[in-house]
$ cat start.txt   # compact mmCIF, C-alpha atoms
# COMPACT_ATOMS: atom_id res chain seq x y z
CA MET O 5 -3.53 21.77 88.38
CA LYS O 6 -7.30 21.58 87.80
CA THR O 7 -7.69 25.14 89.15
CA THR O 8 -5.06 26.45 86.71
CA ALA O 9 -6.76 24.76 83.74
CA LEU O 10 -10.16 26.12 84.83
CA GLY O 11 -8.66 29.61 85.20
CA ALA O 12 -7.16 29.41 81.70
CA ILE O 13 -10.54 28.34 80.24
CA VAL O 14 -12.31 31.23 82.00
CA ILE O 15 -9.72 33.76 80.76
CA ILE O 16 -9.86 32.43 77.16
CA GLY O 17 -13.67 32.49 77.27
CA ALA O 18 -13.72 36.06 78.60
CA LEU O 19 -11.27 37.18 75.91
CA SER O 20 -13.36 35.54 73.15
CA VAL O 21 -16.55 37.22 74.40
CA THR O 22 -14.74 40.57 74.63
CA ALA O 23 -13.38 40.16 71.07
CA THR O 24 -16.84 39.26 69.73
CA VAL O 25 -18.53 42.17 71.51
CA ALA O 26 -15.80 44.55 70.31
CA ALA O 27 -16.17 43.22 66.76
CA GLN O 28 -19.97 43.69 66.88
CA ASP O 29 -19.43 47.32 67.88
CA ASP O 30 -18.04 47.84 64.36
CA ALA O 31 -21.47 47.03 62.90
CA LEU O 32 -23.79 49.96 62.17
CA ALA O 33 -27.07 50.54 64.01
CA PRO O 34 -30.12 50.79 61.65
CA GLU O 35 -30.48 54.55 62.08
CA GLU O 36 -26.74 55.07 61.48
CA ARG O 37 -26.95 53.10 58.25
CA LEU O 38 -29.88 55.13 56.97
CA ALA O 39 -27.99 58.33 57.74
CA ALA O 40 -24.82 56.99 56.05
CA ALA O 41 -26.83 56.09 52.95
CA GLY O 42 -28.49 59.53 52.96
CA GLU O 43 -31.95 57.95 53.17
CA SER O 44 -34.99 58.80 55.25
CA ALA O 45 -38.04 56.85 56.41
CA ILE O 46 -40.56 55.97 53.67
CA GLU O 47 -43.97 57.60 54.07
CA LEU O 48 -46.95 55.37 53.26
CA THR O 49 -50.70 55.92 53.11
CA PRO O 50 -52.75 54.07 55.80
CA GLU O 51 -53.77 51.45 53.21
CA GLN O 52 -50.15 50.97 52.08
CA GLU O 53 -49.01 50.81 55.72
CA SER O 54 -51.51 48.04 56.39
CA ARG O 55 -50.25 46.08 53.35
CA ALA O 56 -46.63 46.60 54.43
CA ARG O 57 -47.33 45.29 57.95
CA SER O 58 -49.18 42.28 56.60
CA LEU O 59 -46.37 41.42 54.14
CA GLU O 60 -43.69 41.96 56.79
CA SER O 61 -45.42 39.33 58.92
CA GLU O 62 -45.15 36.81 56.07
CA PHE O 63 -41.37 36.93 55.59
CA LYS O 64 -38.93 35.05 57.80
CA CYS O 65 -36.01 37.06 59.16
CA PRO O 66 -32.89 35.45 57.57
CA VAL O 67 -30.77 35.89 60.69
CA CYS O 68 -33.31 34.95 63.37
CA ARG O 69 -35.00 31.78 64.58
CA SER O 70 -38.59 31.58 63.32
CA GLN O 71 -39.24 35.29 63.59
CA SER O 72 -40.86 37.44 60.94
CA ILE O 73 -39.06 40.55 59.72
CA ARG O 74 -41.87 42.49 61.39
CA GLN O 75 -40.98 40.99 64.81
CA SER O 76 -37.21 41.27 64.42
CA ARG O 77 -35.09 44.35 65.00
CA SER O 78 -31.97 42.87 63.34
CA PHE O 79 -30.47 45.07 60.66
CA MET O 80 -31.32 42.57 57.91
CA ALA O 81 -34.97 42.66 58.96
CA GLU O 82 -34.92 46.46 59.04
CA ASP O 83 -33.44 46.53 55.50
CA MET O 84 -36.03 44.05 54.26
CA LYS O 85 -38.89 46.05 55.80
CA ARG O 86 -37.56 49.09 53.99
CA ARG O 87 -37.41 47.12 50.72
CA VAL O 88 -41.04 45.97 51.17
CA ARG O 89 -42.07 49.61 51.58
CA GLU O 90 -40.02 50.74 48.57
CA LEU O 91 -41.67 48.09 46.41
CA ILE O 92 -45.14 49.13 47.61
CA VAL O 93 -44.38 52.73 46.72
CA GLN O 94 -43.21 51.53 43.28
CA GLY O 95 -46.70 50.10 42.77
CA ARG O 96 -45.84 46.39 43.03
CA SER O 97 -48.65 44.02 44.04
CA ASP O 98 -48.42 41.77 47.13
CA ASP O 99 -47.76 38.72 44.93
CA GLU O 100 -44.99 40.57 43.07
CA ILE O 101 -43.36 41.49 46.38
CA ARG O 102 -43.57 37.86 47.55
CA GLU O 103 -41.99 36.72 44.27
CA TYR O 104 -39.26 39.35 44.68
CA PHE O 105 -38.09 37.86 47.98
CA ILE O 106 -38.61 34.24 46.89
CA ALA O 107 -36.38 34.91 43.85
CA ARG O 108 -33.57 35.90 46.22
CA TYR O 109 -34.02 33.62 49.24
CA GLY O 110 -36.16 30.81 47.89
CA GLU O 111 -39.44 29.69 49.49
CA TRP O 112 -37.45 29.41 52.72
CA ILE O 113 -38.20 33.11 53.21
CA LEU O 114 -41.94 32.48 53.70
CA LEU O 115 -42.83 32.04 57.36
CA THR O 116 -45.85 29.95 56.32
CA PRO O 117 -44.74 27.32 53.80
CA PRO O 118 -46.65 27.25 50.48
CA LYS O 119 -49.27 24.50 50.03
CA ARG O 120 -47.37 22.63 47.33
CA GLY O 121 -44.38 20.32 46.82
CA PHE O 122 -42.47 19.16 49.87
CA SER O 123 -44.01 21.95 51.99
CA LEU O 124 -47.42 20.35 51.50
CA ALA O 125 -46.27 17.71 54.03
CA ALA O 126 -46.41 20.37 56.76
CA TYR O 127 -50.17 20.72 56.13
CA VAL O 128 -51.03 17.10 55.40
CA LEU O 129 -48.92 15.26 57.99
CA PRO O 130 -50.71 16.58 61.11
CA PHE O 131 -54.05 15.31 59.77
CA VAL O 132 -52.47 11.99 58.77
CA ALA O 133 -50.98 11.73 62.27
CA VAL O 134 -54.37 12.47 63.92
CA VAL O 135 -56.19 9.90 61.76
CA ALA O 136 -53.45 7.30 62.32
CA GLY O 137 -53.49 8.02 66.08
CA ALA O 138 -57.28 7.70 66.23
CA ALA O 139 -57.15 4.42 64.26
CA MET O 140 -54.52 3.07 66.65
CA LEU O 141 -56.65 4.09 69.66
CA VAL O 142 -59.74 2.37 68.24
CA PHE O 143 -57.71 -0.74 67.46
CA ALA O 144 -56.17 -0.80 70.95
CA ALA O 145 -59.54 -0.14 72.66
CA ARG O 146 -61.14 -3.04 70.78
CA ARG O 147 -58.30 -5.28 71.79
CA TRP O 148 -58.57 -4.29 75.45
CA ARG O 149 -62.33 -4.72 75.43
CA GLY O 150 -61.98 -8.19 73.98
CA GLN O 151 -59.55 -9.14 76.75
CA ASP O 152 -61.87 -7.70 79.45
CA SER O 153 -64.95 -9.55 78.19
CA ARG O 154 -62.97 -12.80 78.25
CA ARG O 155 -62.05 -12.10 81.86
CA ILE O 156 -65.62 -11.22 82.94
CA THR O 157 -67.40 -14.21 81.39
CA PRO O 158 -65.36 -17.27 82.31
CA GLU O 159 -66.40 -20.73 81.20
CA PRO O 160 -68.69 -22.45 83.81
CA PRO O 161 -66.95 -25.27 85.68
CA PRO O 162 -67.74 -28.84 84.56
CA ALA O 163 -70.94 -30.41 85.93
CA PRO O 164 -69.27 -32.90 88.38
CA TYR O 165 -67.56 -29.99 90.16
CA LEU O 166 -70.84 -28.09 90.42
CA GLU O 167 -72.60 -31.12 91.85
CA ARG O 168 -69.82 -31.63 94.40
CA LEU O 169 -69.95 -27.94 95.34
CA ASP O 170 -73.73 -28.09 95.92
CA LYS O 171 -73.30 -31.21 98.01
CA GLU O 172 -70.59 -29.65 100.19
CA LEU O 173 -72.68 -26.52 100.71
CA GLU O 174 -75.66 -28.60 101.85
CA GLU O 175 -73.41 -30.47 104.30
CA THR O 176 -72.08 -27.20 105.70
CA GLU O 177 -75.59 -25.85 106.28
CA MET G 11 -45.36 -8.02 60.03
CA ARG G 12 -46.51 -5.37 62.50
CA ARG G 13 -42.89 -4.71 63.50
CA VAL G 14 -41.88 -4.25 59.83
CA ALA G 15 -44.70 -1.74 59.31
CA PHE G 16 -43.68 0.15 62.45
CA LEU G 17 -40.02 0.25 61.37
CA ALA G 18 -41.01 1.40 57.87
CA LEU G 19 -43.11 4.21 59.37
CA LEU G 20 -40.29 5.22 61.73
CA GLY G 21 -37.79 5.19 58.85
CA ALA G 22 -40.08 7.39 56.75
CA VAL G 23 -40.46 9.93 59.58
CA VAL G 24 -36.67 10.01 60.21
CA ALA G 25 -35.96 10.41 56.47
CA LEU G 26 -38.49 13.25 56.26
CA LEU G 27 -36.95 15.03 59.25
CA ALA G 28 -33.42 14.54 57.88
CA TYR G 29 -34.47 15.94 54.51
CA ALA G 30 -36.12 18.97 56.13
CA LEU G 31 -33.09 19.67 58.32
CA THR G 32 -30.64 19.28 55.42
CA ARG G 33 -32.78 21.58 53.30
CA GLU G 34 -32.59 24.23 56.02
CA ILE G 35 -28.86 23.96 56.51
CA THR G 36 -27.60 24.01 52.91
CA LEU G 37 -29.13 27.47 52.28
CA ALA G 38 -28.89 26.86 48.54
CA SER G 39 -29.39 30.06 46.59
CA PRO G 40 -32.16 30.30 43.98
CA LEU G 41 -29.91 32.83 42.23
CA VAL G 42 -27.50 30.11 41.06
CA GLY G 43 -27.87 29.70 37.30
CA HIS G 44 -29.47 33.14 36.96
CA ALA G 45 -28.14 36.60 36.16
CA ALA G 46 -26.24 38.22 39.02
CA PRO G 47 -28.19 41.19 40.40
CA PRO G 48 -26.56 44.41 39.20
CA PHE G 49 -25.09 46.94 41.62
CA ALA G 50 -23.18 50.22 41.67
CA ILE G 51 -21.70 51.00 45.09
CA PRO G 52 -18.87 53.28 46.25
CA TYR G 53 -15.27 52.04 46.28
CA TYR G 54 -13.33 52.33 49.53
CA SER G 55 -10.28 53.47 47.54
CA ALA G 56 -12.26 56.17 45.65
CA PRO G 57 -15.59 56.94 47.38
CA ASP G 58 -16.63 59.29 44.55
CA SER G 59 -16.67 56.49 42.02
CA ASN G 60 -18.67 53.27 42.00
CA LEU G 61 -17.87 49.60 41.66
CA VAL G 62 -20.29 48.61 38.88
CA LEU G 63 -20.76 44.89 38.30
CA SER G 64 -21.80 45.27 34.65
CA ASP G 65 -18.42 46.89 33.85
CA PHE G 66 -16.88 43.44 34.34
CA ARG G 67 -19.07 41.59 31.82
CA GLY G 68 -16.84 39.23 29.82
CA LYS G 69 -14.69 38.37 32.82
CA PRO G 70 -15.18 35.77 35.58
CA VAL G 71 -15.95 37.44 38.91
CA VAL G 72 -15.36 36.27 42.47
CA LEU G 73 -17.77 38.32 44.59
CA ASN G 74 -17.17 38.09 48.33
CA PHE G 75 -19.35 39.61 51.08
CA TRP G 76 -17.49 40.38 54.29
CA ALA G 77 -17.48 42.59 57.39
CA SER G 78 -14.74 43.73 59.74
CA TRP G 79 -16.82 42.48 62.71
CA CYS G 80 -17.02 38.97 61.24
CA LEU G 81 -14.41 36.73 62.84
CA SER G 82 -14.40 34.07 60.12
CA CYS G 83 -13.83 36.80 57.48
CA ARG G 84 -10.38 37.17 59.03
CA ASP G 85 -9.67 33.52 58.24
CA GLU G 86 -10.31 33.98 54.54
CA ALA G 87 -8.82 37.49 54.10
CA ALA G 88 -5.35 36.18 53.20
CA VAL G 89 -6.82 33.44 50.98
CA LEU G 90 -8.77 35.94 48.88
CA GLU G 91 -5.82 38.32 48.54
CA ALA G 92 -3.57 35.39 47.50
CA GLY G 93 -6.27 34.32 45.00
CA TRP G 94 -6.36 37.81 43.54
CA GLN G 95 -2.55 37.84 43.24
CA ARG G 96 -2.68 34.47 41.50
CA TYR G 97 -5.75 34.76 39.25
CA GLY G 98 -6.15 38.52 38.74
CA PRO G 99 -6.67 40.49 36.62
CA ASP G 100 -8.09 37.75 34.34
CA VAL G 101 -10.51 36.97 37.16
CA ALA G 102 -12.03 40.01 38.89
CA PHE G 103 -12.04 39.80 42.70
CA MET G 104 -14.58 42.02 44.50
CA GLY G 105 -15.19 42.41 48.20
CA ILE G 106 -18.37 44.07 49.46
CA ALA G 107 -18.46 45.13 53.11
CA VAL G 108 -21.88 44.68 54.71
CA ASN G 109 -23.19 46.76 57.61
CA ASP G 110 -19.74 48.02 58.54
CA ARG G 111 -18.48 51.26 59.98
CA GLU G 112 -16.26 52.92 57.38
CA ALA G 113 -13.30 53.36 59.74
CA ALA G 114 -13.48 49.73 60.89
CA ALA G 115 -13.72 48.47 57.30
CA ARG G 116 -10.76 50.59 56.23
CA ALA G 117 -8.69 49.36 59.20
CA PHE G 118 -9.56 45.76 58.24
CA ILE G 119 -8.51 46.37 54.63
CA GLU G 120 -5.19 47.81 55.78
CA ARG G 121 -4.54 45.14 58.42
CA TYR G 122 -5.05 42.28 55.96
CA GLY G 123 -3.38 44.03 52.98
CA LYS G 124 -6.40 43.68 50.67
CA THR G 125 -5.65 45.12 47.21
CA TYR G 126 -8.55 43.86 45.10
CA LEU G 127 -11.78 45.80 44.37
CA LEU G 128 -13.45 46.74 47.64
CA ALA G 129 -16.71 48.59 48.08
CA ALA G 130 -19.34 49.33 50.72
CA ASP G 131 -22.97 48.18 50.67
CA VAL G 132 -24.03 51.21 52.67
CA ASP G 133 -27.80 50.69 52.72
CA GLY G 134 -27.78 46.87 52.71
CA SER G 135 -29.55 46.67 49.34
CA VAL G 136 -26.90 44.47 47.67
CA ALA G 137 -27.08 42.05 50.61
CA ILE G 138 -30.84 41.62 50.04
CA ASP G 139 -30.42 41.35 46.26
CA TYR G 140 -28.00 38.46 46.76
CA GLY G 141 -30.18 36.80 49.44
CA LEU G 142 -27.47 36.95 52.09
CA PHE G 143 -27.84 35.05 55.37
CA GLY G 144 -24.51 36.02 56.86
CA VAL G 145 -20.88 36.72 56.15
CA PRO G 146 -18.70 35.56 54.61
CA GLU G 147 -20.54 34.39 51.51
CA THR G 148 -18.92 34.23 48.08
CA PHE G 149 -20.59 34.14 44.67
CA PHE G 150 -18.85 32.94 41.52
CA ILE G 151 -20.09 34.80 38.45
CA ALA G 152 -19.43 33.65 34.87
CA PRO G 153 -18.26 36.03 32.10
CA ASP G 154 -21.85 36.11 30.77
CA GLY G 155 -23.08 37.48 34.11
CA ARG G 156 -24.71 34.28 35.45
CA ILE G 157 -24.09 33.15 39.02
CA LEU G 158 -22.53 29.70 38.72
CA SER G 159 -22.16 28.86 42.39
CA LYS G 160 -22.19 30.16 45.93
CA HIS G 161 -19.88 29.33 48.82
CA ILE G 162 -21.05 29.74 52.40
CA GLY G 163 -18.49 30.50 55.11
CA PRO G 164 -14.79 31.23 54.68
CA VAL G 165 -13.23 29.96 51.44
CA SER G 166 -10.01 27.95 51.52
CA SER G 167 -7.36 28.03 48.76
CA ALA G 168 -8.62 24.63 47.58
CA ASP G 169 -12.24 25.92 47.45
CA LEU G 170 -11.11 28.93 45.46
CA ASP G 171 -9.07 26.86 42.97
CA ARG G 172 -11.95 24.42 42.48
CA GLN G 173 -14.58 27.12 42.06
CA ILE G 174 -12.45 29.19 39.64
CA THR G 175 -11.73 26.08 37.54
CA ALA G 176 -15.50 25.44 37.36
CA LEU G 177 -16.10 29.13 36.63
CA ARG G 178 -13.73 29.05 33.67
CA SER G 179 -15.40 25.94 32.29
CA GLY G 180 -18.84 27.53 32.67
CA GLN G 181 -20.26 24.78 34.89
CA VAL G 182 -23.21 25.58 37.13
CA GLY G 183 -22.20 24.42 40.60
CA GLU G 184 -23.98 23.73 43.85
CA ALA G 185 -23.87 25.74 47.04
CA SER G 186 -20.81 24.67 49.02
CA GLY G 187 -19.20 25.49 52.34
CA ASP G 188 -20.25 25.20 55.95
CA PRO G 189 -23.31 27.20 57.11
CA ALA G 190 -22.14 26.76 60.72
CA SER G 191 -19.15 28.99 59.99
CA LEU G 192 -21.38 31.84 58.86
CA THR G 193 -21.59 34.93 61.05
CA PRO G 194 -25.26 36.02 61.01
CA LEU G 195 -25.91 39.52 59.74
CA GLU G 196 -27.17 40.84 63.03
CA GLY G 197 -25.81 44.14 64.21
CA GLY G 198 -29.05 44.91 66.02
CA GLN G 199 -31.31 43.41 68.65
CA GLN G 200 -33.22 40.43 67.30
$ encode --input "start.txt" --output "structure tokens"
Amino acid sequence: MKTTALGAIVIIGALSVTATVAAQDDALAPEERLAAAGESAIELTPEQESRARSLESEFKCPVCRSQSIRQSRSFMAEDMKRRVRELIVQGRSDDEIREYFIARYGEWILLTPPKRGFSLAAYVLPFVAVVAGAAMLVFAARRWRGQDSRRITPEPPPAPYLERLDKELEETE
Amino acid sequence: MRRVAFLALLGAVVALLAYALTREITLASPLVGHAAPPFAIPYYSAPDSNLVLSDFRGKPVVLNFWASWCLSCRDEAAVLEAGWQRYGPDVAFMGIAVNDREAAARAFIERYGKTYLLAADVDGSVAIDYGLFGVPETFFIAPDGRILSKHIGPVSSADLDRQITALRSGQVGEASGDPASLTPLEGGQQ
């Protein structure tokens, strides 16, 4: 009974994977899409190319996990890289290109969050955590040291005990 | 006292993390409340002529992004066609296929009996203009051309009724839907 159920799960899983892979085959590869749109690669000067690469490293790929559009080869990233280059050729400044993508995706699109608003927490919190951690360490160290010193310097025993101890030692000798 | 301070600190950290995670997941569009980006892209039914958004100024628009390779787009195909049959032509229904092979898109249109306005975003420019993360995503555009809300993932009949009611009343809505049901716009190696 268990074997039959396991077999059914494996078959359903295999069919789902096959359906997904078959469905993805209907998507266009980047070069196919360019050809279908009748477009060719955008030529840039070395200075423009350097700007494009730098900007591409700033934008998060919308369909990836923490990858820039420069690192990703997904079709969305390829389209966005092309848009960056088009905007450079149109004479837009770096800030204008950043604003262009922020207007469409929000500040989410920036791989490095801006140093304002809620995103400021990403810059401030690590320092706060380090300072708080250091303060806790100092506090704990002081506490431990206080305990140790109490252990090392015990109160001397009362005088009668000391006298008795001396007396017993003399007798032993 | 020390325990209260510790719990307060823990609560603050958890609240911060929850806020950050929620912010990531809702994928709210900055386009909501602003003019819908214009486009002119070829119709599937008449590739020599273009579907031009500005031609529909004065009419509410339901703008859906889909792809034949997107499994959840199949779930909403019948809902959108039924919506078009119910609300059209007073409300314009548009479907834009993203990163799709023409033959596959046409087969999808035929299989699901889509009769509303369908066009192809051949170079992916409309997808970027609308800040797409995946498919399906649906934008609700007021007669004055402003985007009033965005739905992420497949729309249900109830979603459609609610959004069209809001659209007719001119209310700016919030992003709705389930980001987990979105099929990422991949189609290439990441």
$ interface_residues --input "start.txt" --of "chain O" --to "chain G" --cutoff "6 Å" --atoms "all atoms listed in the file" --output "CSV table (one decimal) with C-alpha atoms, keeping the file's coordinate frame"
chain,number,residue,atom,x,y,z
O,27,ALA,CA,-16.2,43.2,66.8
O,28,GLN,CA,-20.0,43.7,66.9
O,30,ASP,CA,-18.0,47.8,64.4
O,31,ALA,CA,-21.5,47.0,62.9
O,32,LEU,CA,-23.8,50.0,62.2
O,41,ALA,CA,-26.8,56.1,53.0
O,66,PRO,CA,-32.9,35.4,57.6
O,67,VAL,CA,-30.8,35.9,60.7
O,76,SER,CA,-37.2,41.3,64.4
O,77,ARG,CA,-35.1,44.4,65.0
O,78,SER,CA,-32.0,42.9,63.3
O,79,PHE,CA,-30.5,45.1,60.7
O,108,ARG,CA,-33.6,35.9,46.2
O,109,TYR,CA,-34.0,33.6,49.2
O,110,GLY,CA,-36.2,30.8,47.9
$ atom_distance --input "start.txt" --atom1 "CA of Thr116 in chain O" --atom2 "CA of Thr148 in chain G"
28.5 Å
$ residues_around --input "start.txt" --residues "range 61-68 of chain G" --least-positions-apart "3" --cutoff "12 Å" --atoms "all atoms listed in the file" --output "count of residues only"
39
$ axis_aligned_box --input "start.txt" --around "range 83-87 of chain G" --padding-each-side "5 Å" --output "AutoDock Vina command-line options"
--center_x -11.3 --center_y 35.5 --center_z 56.6 --size_x 15.0 --size_y 14.0 --size_z 14.9
$ atom_distance --input "start.txt" --atom1 "CA of Phe63 in chain O" --atom2 "CA of Phe149 in chain G"
23.6 Å
$ atom_distance --input "start.txt" --atom1 "CA of Glu82 in chain O" --atom2 "CA of Ser58 in chain O"
15.1 Å
$ closest_residue --input "start.txt" --among "O:Val134, O:Ile106, O:Met84, O:Leu166" --to "Pro118 in chain O" --atoms "all atoms listed in the file"
O:Ile106
$ closest_residue --input "start.txt" --among "G:Ala107, G:Phe75, G:Leu90, G:Ser82" --to "Ser167 in chain G" --atoms "all atoms listed in the file"
G:Leu90
$ residues_near_point --input "start.txt" --point "(-14.6, 26.3, 37.6)" --cutoff "12 Å" --atoms "only C-alpha atoms" --output "PDB file with C-alpha atoms, in the coordinates of the input"
ATOM      1  CA  PRO G  70     -15.180  35.770  35.580  1.00  0.00           C
ATOM      2  CA  VAL G  71     -15.950  37.440  38.910  1.00  0.00           C
ATOM      3  CA  VAL G  72     -15.360  36.270  42.470  1.00  0.00           C
ATOM      4  CA  VAL G 101     -10.510  36.970  37.160  1.00  0.00           C
ATOM      5  CA  PHE G 150     -18.850  32.940  41.520  1.00  0.00           C
ATOM      6  CA  ILE G 151     -20.090  34.800  38.450  1.00  0.00           C
ATOM      7  CA  ALA G 152     -19.430  33.650  34.870  1.00  0.00           C
ATOM      8  CA  PRO G 153     -18.260  36.030  32.100  1.00  0.00           C
ATOM      9  CA  ILE G 157     -24.090  33.150  39.020  1.00  0.00           C
ATOM     10  CA  LEU G 158     -22.530  29.700  38.720  1.00  0.00           C
ATOM     11  CA  SER G 159     -22.160  28.860  42.390  1.00  0.00           C
ATOM     12  CA  LYS G 160     -22.190  30.160  45.930  1.00  0.00           C
ATOM     13  CA  ALA G 168      -8.620  24.630  47.580  1.00  0.00           C
ATOM     14  CA  ASP G 169     -12.240  25.920  47.450  1.00  0.00           C
ATOM     15  CA  LEU G 170     -11.110  28.930  45.460  1.00  0.00           C
ATOM     16  CA  ASP G 171      -9.070  26.860  42.970  1.00  0.00           C
ATOM     17  CA  ARG G 172     -11.950  24.420  42.480  1.00  0.00           C
ATOM     18  CA  GLN G 173     -14.580  27.120  42.060  1.00  0.00           C
ATOM     19  CA  ILE G 174     -12.450  29.190  39.640  1.00  0.00           C
ATOM     20  CA  THR G 175     -11.730  26.080  37.540  1.00  0.00           C
ATOM     21  CA  ALA G 176     -15.500  25.440  37.360  1.00  0.00           C
ATOM     22  CA  LEU G 177     -16.100  29.130  36.630  1.00  0.00           C
ATOM     23  CA  ARG G 178     -13.730  29.050  33.670  1.00  0.00           C
ATOM     24  CA  SER G 179     -15.400  25.940  32.290  1.00  0.00           C
ATOM     25  CA  GLY G 180     -18.840  27.530  32.670  1.00  0.00           C
ATOM     26  CA  GLN G 181     -20.260  24.780  34.890  1.00  0.00           C
ATOM     27  CA  VAL G 182     -23.210  25.580  37.130  1.00  0.00           C
ATOM     28  CA  GLY G 183     -22.200  24.420  40.600  1.00  0.00           C
ATOM     29  CA  GLU G 184     -23.980  23.730  43.850  1.00  0.00           C
TER      30      GLU G 184
END
$ closest_residue --input "start.txt" --among "O:Phe143, O:Arg149, O:Glu47, O:Leu115" --to "Gln75 in chain O" --atoms "all atoms listed in the file"
O:Leu115
$ closest_residue --input "start.txt" --among "O:Thr176, O:Arg147, O:Ala133, O:Ala107" --to "Leu19 in chain G" --atoms "all atoms listed in the file"
O:Ala133
$ residues_around --input "start.txt" --residues "Glu86 in chain G" --least-positions-apart "3" --cutoff "8 Å" --atoms "only C-alpha atoms" --output "PyMOL selection string"
chain G and resi 82-83+89-90+164-166
$ decode --input "start.txt" --residues "range 58-114 of chain G" --atoms "C-alpha atoms" --output "compact mmCIF listing (two decimals), in the first residue's frame"
# COMPACT_ATOMS: atom_id res chain seq x y z
CA ASP G 58 0.12 44.89 -38.53
CA SER G 59 -1.81 47.10 -36.14
CA ASN G 60 -1.00 48.07 -32.56
CA LEU G 61 -2.82 47.94 -29.26
CA VAL G 62 -2.38 51.55 -28.08
CA LEU G 63 -3.26 52.26 -24.46
CA SER G 64 -4.03 55.94 -25.04
CA ASP G 65 -6.80 54.98 -27.50
CA PHE G 66 -8.78 53.78 -24.48
CA ARG G 67 -8.65 57.03 -22.49
CA GLY G 68 -12.10 57.66 -21.00
CA LYS G 69 -12.70 53.98 -20.30
CA PRO G 70 -11.66 51.80 -17.34
CA VAL G 71 -8.99 49.29 -18.35
CA VAL G 72 -8.10 45.89 -16.91
CA LEU G 73 -4.53 45.25 -18.05
CA ASN G 74 -3.30 41.69 -17.50
CA PHE G 75 0.24 40.40 -18.11
CA TRP G 76 0.42 36.70 -18.89
CA ALA G 77 2.48 34.01 -20.63
CA SER G 78 1.61 30.62 -22.09
CA TRP G 79 4.44 29.06 -20.02
CA CYS G 80 2.96 30.40 -16.77
CA LEU G 81 0.94 27.70 -15.04
CA SER G 82 -1.08 30.05 -12.81
CA CYS G 83 -2.08 32.08 -15.91
CA ARG G 84 -4.13 29.03 -16.88
CA ASP G 85 -6.09 29.35 -13.63
CA GLU G 86 -7.18 32.88 -14.39
CA ALA G 87 -7.70 32.57 -18.18
CA ALA G 88 -11.39 31.62 -17.85
CA VAL G 89 -11.95 34.26 -15.14
CA LEU G 90 -10.64 37.06 -17.35
CA GLU G 91 -12.65 35.92 -20.38
CA ALA G 92 -15.81 35.70 -18.22
CA GLY G 93 -15.02 39.19 -16.87
CA TRP G 94 -14.71 40.54 -20.39
CA GLN G 95 -18.04 38.92 -21.36
CA ARG G 96 -19.65 40.47 -18.30
CA TYR G 97 -18.08 43.95 -18.14
CA GLY G 98 -16.98 44.62 -21.72
CA PRO G 99 -17.04 46.74 -23.77
CA ASP G 100 -17.66 49.39 -21.07
CA VAL G 101 -14.50 48.13 -19.40
CA ALA G 102 -11.59 47.39 -21.76
CA PHE G 103 -9.82 44.08 -21.06
CA MET G 104 -6.25 43.79 -22.38
CA GLY G 105 -3.86 40.88 -22.15
CA ILE G 106 -0.16 41.36 -22.84
CA ALA G 107 1.94 38.24 -23.38
CA VAL G 108 5.45 38.53 -21.94
CA ASN G 109 8.48 36.67 -23.27
CA ASP G 110 6.38 34.17 -25.18
CA ARG G 111 6.87 32.32 -28.43
CA GLU G 112 4.22 33.50 -30.87
CA ALA G 113 2.98 29.99 -31.70
CA ALA G 114 2.71 29.06 -28.02
